[in-house]
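Asks: Encoded as structure tokens, here's the structure I'll be asking about.
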Amino acid sequence: MGKDIERAEAIANAFQTIKKELARVIVGQDDIIEQLLIALFARGHCLLIGVPGLAKTLLIKTLGDILDLKFSRIQFTPDLMPSDITGTEILEEDKSTGQKTFKFIKGPVFANIVLADEINRTPPKTQSALLEAMQEYRVTAAGQTFELDLPFFVLATQNPIEQEGTYPLPEAQLDRFMFSLWLDYPTFDQEVEIVKRTTVEDLQALQPVVHKQDILEFQKLVRKVPVADNVVEFAVKLVNLSRPGDGADEKINEWIRWGAGPRASQYLILGAKVRALLHNRFTPEIEDVRQIALPVLRHRLVTSYSAEAEGVGTREIVDYLLNKIKD
């Protein structure tokens, strides 16, 4: 028990160190950084949505450097094939015997942090090549199964403005992502600081502050964190309220075609556990669930035409749900 408390304190310290080191390169985005780390320590994956130029790629690559993890970037394009992600077999000749054998060459998915850039630019067949890896932490190719190196963290980006020539992610695939994170434009002062930093030659050299083994230990520790029944019930009630049907709230029936599934409840509790540890608490509170409700639910709610006509988005719906539940 004493060892677990020490490790829990180490997570909180590591979080502050990571934030400080990231701030040398990334200006602002504190909430996004916290949510990325919550997903990493909870063994989840993230979908990042934002217009070009908001440093999505830089943020993820910098995170890989600081966490001493192998980083890989896959640029999704309409002609990308599944084997471009998982790897391919090549025919190799043994020079001493002249014998030819097939050898599997691992693809870019064999890394710790995988950036799937503009994931909605590629057809569903290629998008699904990531599915097994995200869920099972392994790749099956040419009848063989290859285990991925842990920790394994997928961050997919989407550009919300250019929809021509894109393939929206199916709901089943969206559900694999723990969080959907929307990056906003920087404030005026932040943008001034960004311009000052990026128009000079002085580039910051980053030092790894958390190592692979630490992350794996943190991930195990999260599963041991105790959660009070009322916190679990709050999370499940929130997800239940999002589902339309007989007996559901009138507004929810009007706004939502499909609500969130049980995976949302699991991620709310896992995320709340990590958030509590990051803030130096040993058990999550209802407030932790409230704080991560939007990124967990945002991509799991399928809104109706009525909601679109009224200009009601998922943010407004999640706020409405949170206001409906008394702690």
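In the structure tokens, each chain is lettered A, B, ... as it comes, each chain's residues begin at 1, and ligands are numbered from 1 in order of appearance.
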Per DSSP on the backbone, what are the helix (DSSP H, G or I) residues of range 97-293 of chain A, as a ChimeraX atom specification?

Replies: /A:119-121,124-127,129-136,171-174,188-198,212-224,229-241,250-255,262-278,286-293

Asks: Write out as a PDB file with N, CA and C atoms, in the first residue's frame each polymer residue whose atoms come within 12 Å of Glu132 in chain A, counting only C-alpha atoms; drop sequence neighbours fewer than 3 positions from it.

Replies:
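The result, written out as out-v6.pdb:
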ATOM      1  N   PRO A  82      -3.850  -0.593 -46.141  1.00  0.00           N
ATOM      2  CA  PRO A  82      -3.658  -1.135 -44.782  1.00  0.00           C
ATOM      3  C   PRO A  82      -2.218  -1.570 -44.499  1.00  0.00           C
ATOM      4  N   ILE A  85       0.265   0.797 -43.070  1.00  0.00           N
ATOM      5  CA  ILE A  85       0.160   1.067 -41.635  1.00  0.00           C
ATOM      6  C   ILE A  85       0.752  -0.084 -40.824  1.00  0.00           C
ATOM      7  N   THR A  86       0.312  -1.303 -41.154  1.00  0.00           N
ATOM      8  CA  THR A  86       0.704  -2.462 -40.324  1.00  0.00           C
ATOM      9  C   THR A  86       2.065  -3.037 -40.710  1.00  0.00           C
ATOM     10  N   VAL A 109       2.923   1.544 -37.446  1.00  0.00           N
ATOM     11  CA  VAL A 109       2.086   1.331 -36.263  1.00  0.00           C
ATOM     12  C   VAL A 109       2.896   0.742 -35.109  1.00  0.00           C
ATOM     13  N   THR A 126      -8.777   1.164 -44.851  1.00  0.00           N
ATOM     14  CA  THR A 126      -7.465   1.523 -44.285  1.00  0.00           C
ATOM     15  C   THR A 126      -7.615   2.033 -42.855  1.00  0.00           C
ATOM     16  N   GLN A 127      -8.697   2.797 -42.598  1.00  0.00           N
ATOM     17  CA  GLN A 127      -8.946   3.264 -41.222  1.00  0.00           C
ATOM     18  C   GLN A 127      -9.027   2.065 -40.272  1.00  0.00           C
ATOM     19  N   SER A 128      -9.676   0.983 -40.727  1.00  0.00           N
ATOM     20  CA  SER A 128      -9.895  -0.170 -39.848  1.00  0.00           C
ATOM     21  C   SER A 128      -8.611  -0.943 -39.549  1.00  0.00           C
ATOM     22  N   ALA A 129      -7.548  -0.685 -40.327  1.00  0.00           N
ATOM     23  CA  ALA A 129      -6.269  -1.343 -40.036  1.00  0.00           C
ATOM     24  C   ALA A 129      -5.746  -0.939 -38.659  1.00  0.00           C
ATOM     25  N   GLN A 135      -7.345  -1.757 -30.117  1.00  0.00           N
ATOM     26  CA  GLN A 135      -8.112  -2.527 -29.142  1.00  0.00           C
ATOM     27  C   GLN A 135      -7.310  -3.677 -28.539  1.00  0.00           C
ATOM     28  N   GLU A 136      -6.568  -4.390 -29.403  1.00  0.00           N
ATOM     29  CA  GLU A 136      -5.912  -5.636 -28.980  1.00  0.00           C
ATOM     30  C   GLU A 136      -4.404  -5.487 -28.720  1.00  0.00           C
ATOM     31  N   TYR A 137      -3.846  -4.336 -29.092  1.00  0.00           N
ATOM     32  CA  TYR A 137      -2.387  -4.108 -28.962  1.00  0.00           C
ATOM     33  C   TYR A 137      -1.582  -5.159 -29.730  1.00  0.00           C
ATOM     34  N   ARG A 138      -2.106  -5.520 -30.884  1.00  0.00           N
ATOM     35  CA  ARG A 138      -1.365  -6.464 -31.734  1.00  0.00           C
ATOM     36  C   ARG A 138      -1.798  -6.262 -33.179  1.00  0.00           C
ATOM     37  N   VAL A 139      -1.005  -6.823 -34.104  1.00  0.00           N
ATOM     38  CA  VAL A 139      -1.277  -6.719 -35.535  1.00  0.00           C
ATOM     39  C   VAL A 139      -1.227  -8.124 -36.115  1.00  0.00           C
ATOM     40  N   THR A 140      -2.214  -8.454 -36.948  1.00  0.00           N
ATOM     41  CA  THR A 140      -2.190  -9.741 -37.644  1.00  0.00           C
ATOM     42  C   THR A 140      -1.891  -9.467 -39.105  1.00  0.00           C
ATOM     43  N   ALA A 141      -0.820 -10.086 -39.607  1.00  0.00           N
ATOM     44  CA  ALA A 141      -0.429  -9.899 -41.002  1.00  0.00           C
ATOM     45  C   ALA A 141       0.117 -11.215 -41.530  1.00  0.00           C
ATOM     46  N   THR A 145       0.667 -13.201 -35.919  1.00  0.00           N
ATOM     47  CA  THR A 145       0.289 -12.130 -34.995  1.00  0.00           C
ATOM     48  C   THR A 145       1.540 -11.531 -34.377  1.00  0.00           C
ATOM     49  N   PHE A 146       1.627 -10.218 -34.410  1.00  0.00           N
ATOM     50  CA  PHE A 146       2.778  -9.502 -33.858  1.00  0.00           C
ATOM     51  C   PHE A 146       2.294  -8.602 -32.727  1.00  0.00           C
ATOM     52  N   GLU A 147       2.884  -8.750 -31.558  1.00  0.00           N
ATOM     53  CA  GLU A 147       2.513  -7.918 -30.403  1.00  0.00           C
ATOM     54  C   GLU A 147       3.139  -6.533 -30.556  1.00  0.00           C
ATOM     55  N   LEU A 148       2.388  -5.524 -30.145  1.00  0.00           N
ATOM     56  CA  LEU A 148       2.914  -4.152 -30.184  1.00  0.00           C
ATOM     57  C   LEU A 148       3.661  -3.842 -28.895  1.00  0.00           C
ATOM     58  N   VAL A 154      -2.594   5.917 -29.575  1.00  0.00           N
ATOM     59  CA  VAL A 154      -2.918   6.454 -30.902  1.00  0.00           C
ATOM     60  C   VAL A 154      -3.572   7.825 -30.752  1.00  0.00           C
ATOM     61  N   GLN A 173     -15.904   2.927 -34.879  1.00  0.00           N
ATOM     62  CA  GLN A 173     -14.489   3.284 -34.762  1.00  0.00           C
ATOM     63  C   GLN A 173     -14.294   4.496 -33.856  1.00  0.00           C
ATOM     64  N   ARG A 176     -13.854   3.761 -30.218  1.00  0.00           N
ATOM     65  CA  ARG A 176     -12.547   3.256 -29.731  1.00  0.00           C
ATOM     66  C   ARG A 176     -11.706   4.367 -29.114  1.00  0.00           C
TER      67      ARG A 176
END

Asks: Taking only C-alpha atoms into account, produce a table as a Markdown table in which each residue of range 203-227 of chain A with an atom at most 9 Å from an atom of range 40-58 of chain A appears once, together with its shortest atom pair and the distance in Å to one decimal, ordered by chain and rising number.

Replies:
| residue | atom | partner | partner_atom | distance |
| --- | --- | --- | --- | --- |
| A:Ile215 | CA | A:Phe41 | CA | 6.8 |
| A:Leu216 | CA | A:Phe41 | CA | 8.1 |
| A:Phe218 | CA | A:Phe41 | CA | 6.4 |
| A:Gln219 | CA | A:Phe41 | CA | 5.0 |
| A:Lys220 | CA | A:Phe41 | CA | 8.7 |
| A:Val222 | CA | A:Ala42 | CA | 6.9 |
| A:Arg223 | CA | A:Ala42 | CA | 8.4 |

Asks: So that I have them on file, write out the residues from the current selection with N, CA and C atoms, as a PDB file, in the first residue's frame.

Replies:
ATOM      1  N   ILE A 215       5.603   4.842 -17.129  1.00  0.00           N
ATOM      2  CA  ILE A 215       4.246   4.958 -17.689  1.00  0.00           C
ATOM      3  C   ILE A 215       3.491   3.648 -17.512  1.00  0.00           C
ATOM      4  N   LEU A 216       4.165   2.516 -17.778  1.00  0.00           N
ATOM      5  CA  LEU A 216       3.505   1.204 -17.632  1.00  0.00           C
ATOM      6  C   LEU A 216       3.099   0.971 -16.174  1.00  0.00           C
ATOM      7  N   PHE A 218       2.439   3.388 -13.963  1.00  0.00           N
ATOM      8  CA  PHE A 218       1.336   4.315 -13.695  1.00  0.00           C
ATOM      9  C   PHE A 218       0.020   3.726 -14.214  1.00  0.00           C
ATOM     10  N   GLN A 219       0.075   3.128 -15.414  1.00  0.00           N
ATOM     11  CA  GLN A 219      -1.139   2.539 -16.004  1.00  0.00           C
ATOM     12  C   GLN A 219      -1.691   1.408 -15.134  1.00  0.00           C
ATOM     13  N   LYS A 220      -0.787   0.611 -14.565  1.00  0.00           N
ATOM     14  CA  LYS A 220      -1.232  -0.483 -13.673  1.00  0.00           C
ATOM     15  C   LYS A 220      -1.833   0.086 -12.396  1.00  0.00           C
ATOM     16  N   VAL A 222      -3.364   2.893 -11.918  1.00  0.00           N
ATOM     17  CA  VAL A 222      -4.694   3.488 -12.137  1.00  0.00           C
ATOM     18  C   VAL A 222      -5.794   2.460 -11.885  1.00  0.00           C
ATOM     19  N   ARG A 223      -5.560   1.209 -12.305  1.00  0.00           N
ATOM     20  CA  ARG A 223      -6.574   0.159 -12.146  1.00  0.00           C
ATOM     21  C   ARG A 223      -6.810  -0.179 -10.667  1.00  0.00           C
TER      22      ARG A 223
END

Asks: Where in range 161-299 of chain A does DSSP assign strand (DSSP E), given as a list in words?

Replies: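 Secondary structure check on range 161-299 of chain A, strand (DSSP E): Phe179, Ser180, Leu181, Trp182, Ile256, Arg257 and Trp258 of chain A.
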
Asks: Keeping N, CA and C atoms, export the residues of the selection given above as a compact mmCIF listing (two decimals), in the first residue's frame.

Replies:
# COMPACT_ATOMS: atom_id res chain seq x y z
N PHE A 179 -11.17 9.93 -25.81
CA PHE A 179 -11.51 11.35 -25.82
C PHE A 179 -11.60 11.88 -27.25
N SER A 180 -12.49 12.84 -27.45
CA SER A 180 -12.46 13.67 -28.65
C SER A 180 -12.14 15.08 -28.17
N LEU A 181 -10.99 15.60 -28.58
CA LEU A 181 -10.52 16.90 -28.09
C LEU A 181 -10.56 17.94 -29.20
N TRP A 182 -11.18 19.06 -28.91
CA TRP A 182 -11.25 20.17 -29.87
C TRP A 182 -10.24 21.23 -29.47
N ILE A 256 -31.29 13.65 -29.71
CA ILE A 256 -30.34 12.55 -29.91
C ILE A 256 -30.99 11.35 -30.60
N ARG A 257 -30.27 10.83 -31.63
CA ARG A 257 -30.74 9.60 -32.29
C ARG A 257 -30.17 8.37 -31.59
N TRP A 258 -28.88 8.44 -31.25
CA TRP A 258 -28.22 7.34 -30.52
C TRP A 258 -27.41 7.94 -29.38

Asks: Determine, for each residue of range 278-316 of chain A having at least one atom at most 9 Å from an atom of range 15-38 of chain A, the closest pair of atoms and their separation in Å to one decimal, counting only C-alpha atoms; order by chain and ascending number, as JSON lines.

Replies:
{"residue": "A:Leu278", "atom": "CA", "partner": "A:Phe15", "partner_atom": "CA", "distance": 6.2}
{"residue": "A:His279", "atom": "CA", "partner": "A:Phe15", "partner_atom": "CA", "distance": 8.7}
{"residue": "A:Ile292", "atom": "CA", "partner": "A:Gln35", "partner_atom": "CA", "distance": 8.0}
{"residue": "A:Pro295", "atom": "CA", "partner": "A:Gln35", "partner_atom": "CA", "distance": 8.4}

Asks: Output C-alpha atoms of each residue in that selection to a file, as a compact mmCIF listing (two decimals), in the first residue's frame.

Replies:
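Contents of the output file result39.txt:
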# COMPACT_ATOMS: atom_id res chain seq x y z
CA LEU A 278 -2.69 13.90 -11.40
CA HIS A 279 -4.09 16.34 -8.86
CA ILE A 292 -14.04 14.90 -18.50
CA PRO A 295 -14.42 14.86 -24.27

Asks: Residues near Val225 in chain A, anyone? I mean within 8 Å using only C-alpha atoms, not counting same-chain ones fewer than 2 positions away, as a list of chain:residue names.

Replies: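 The filter keeps A:Leu221, A:Val222, A:Arg223, A:Val227, A:Lys273, A:Phe282, A:Thr283.
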
Asks: Just how far from CA of Ser306 in chain A is CA of Leu238 in chain A, in Å to one decimal?

Replies: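 Computed distance, CA of Leu238 in chain A to CA of Ser306 in chain A, equals 21.7 Å.
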
Asks: Find the spatial neighbours of Gly107 in chain A, counting only C-alpha atoms, within a cut-off of 9 Å - ignore same-chain residues fewer than 2 positions away - and output them as a PyMOL selection string.

Replies: chain A and resi 83-88+105+109-111

Asks: Could you write out the selected residues, including N, CA and C atoms, as a PDB file, in the first residue's frame?

Replies:
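For reference, again21.pdb as written:
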ATOM      1  N   SER A  83      -1.547  -2.154 -45.522  1.00  0.00           N
ATOM      2  CA  SER A  83      -0.165  -2.619 -45.314  1.00  0.00           C
ATOM      3  C   SER A  83       0.805  -1.457 -45.095  1.00  0.00           C
ATOM      4  N   ASP A  84       0.414  -0.234 -45.531  1.00  0.00           N
ATOM      5  CA  ASP A  84       1.257   0.947 -45.280  1.00  0.00           C
ATOM      6  C   ASP A  84       1.254   1.309 -43.798  1.00  0.00           C
ATOM      7  N   ILE A  85       0.265   0.797 -43.070  1.00  0.00           N
ATOM      8  CA  ILE A  85       0.160   1.067 -41.635  1.00  0.00           C
ATOM      9  C   ILE A  85       0.752  -0.084 -40.824  1.00  0.00           C
ATOM     10  N   THR A  86       0.312  -1.303 -41.154  1.00  0.00           N
ATOM     11  CA  THR A  86       0.704  -2.462 -40.324  1.00  0.00           C
ATOM     12  C   THR A  86       2.065  -3.037 -40.710  1.00  0.00           C
ATOM     13  N   GLY A  87       2.407  -2.939 -41.984  1.00  0.00           N
ATOM     14  CA  GLY A  87       3.659  -3.527 -42.451  1.00  0.00           C
ATOM     15  C   GLY A  87       3.396  -4.446 -43.628  1.00  0.00           C
ATOM     16  N   THR A  88       4.447  -4.905 -44.259  1.00  0.00           N
ATOM     17  CA  THR A  88       4.280  -5.731 -45.466  1.00  0.00           C
ATOM     18  C   THR A  88       5.324  -6.840 -45.519  1.00  0.00           C
ATOM     19  N   ILE A 105       8.158  -6.915 -42.748  1.00  0.00           N
ATOM     20  CA  ILE A 105       8.772  -5.623 -42.390  1.00  0.00           C
ATOM     21  C   ILE A 105       7.708  -4.817 -41.639  1.00  0.00           C
ATOM     22  N   VAL A 109       2.923   1.544 -37.446  1.00  0.00           N
ATOM     23  CA  VAL A 109       2.086   1.331 -36.263  1.00  0.00           C
ATOM     24  C   VAL A 109       2.896   0.742 -35.109  1.00  0.00           C
ATOM     25  N   PHE A 110       4.070   0.194 -35.412  1.00  0.00           N
ATOM     26  CA  PHE A 110       4.929  -0.384 -34.365  1.00  0.00           C
ATOM     27  C   PHE A 110       5.759   0.721 -33.703  1.00  0.00           C
ATOM     28  N   ALA A 111       5.076   1.519 -32.917  1.00  0.00           N
ATOM     29  CA  ALA A 111       5.708   2.607 -32.155  1.00  0.00           C
ATOM     30  C   ALA A 111       4.900   2.762 -30.873  1.00  0.00           C
TER      31      ALA A 111
END

Asks: Name the closest residue to Val302 in chain A among the candidates A:Leu174, A:Met81, A:Ala39, A:Leu131; distances are taken between atoms, counting only C-alpha atoms.

Replies: A:Leu174

Asks: Rounded to one decimal, what separation in Å do you get between CA of Glu308 in chain A and CA of Lys324 in chain A?

Replies: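 Result for CA of Glu308 in chain A versus CA of Lys324 in chain A: 21.2 Å, one decimal.
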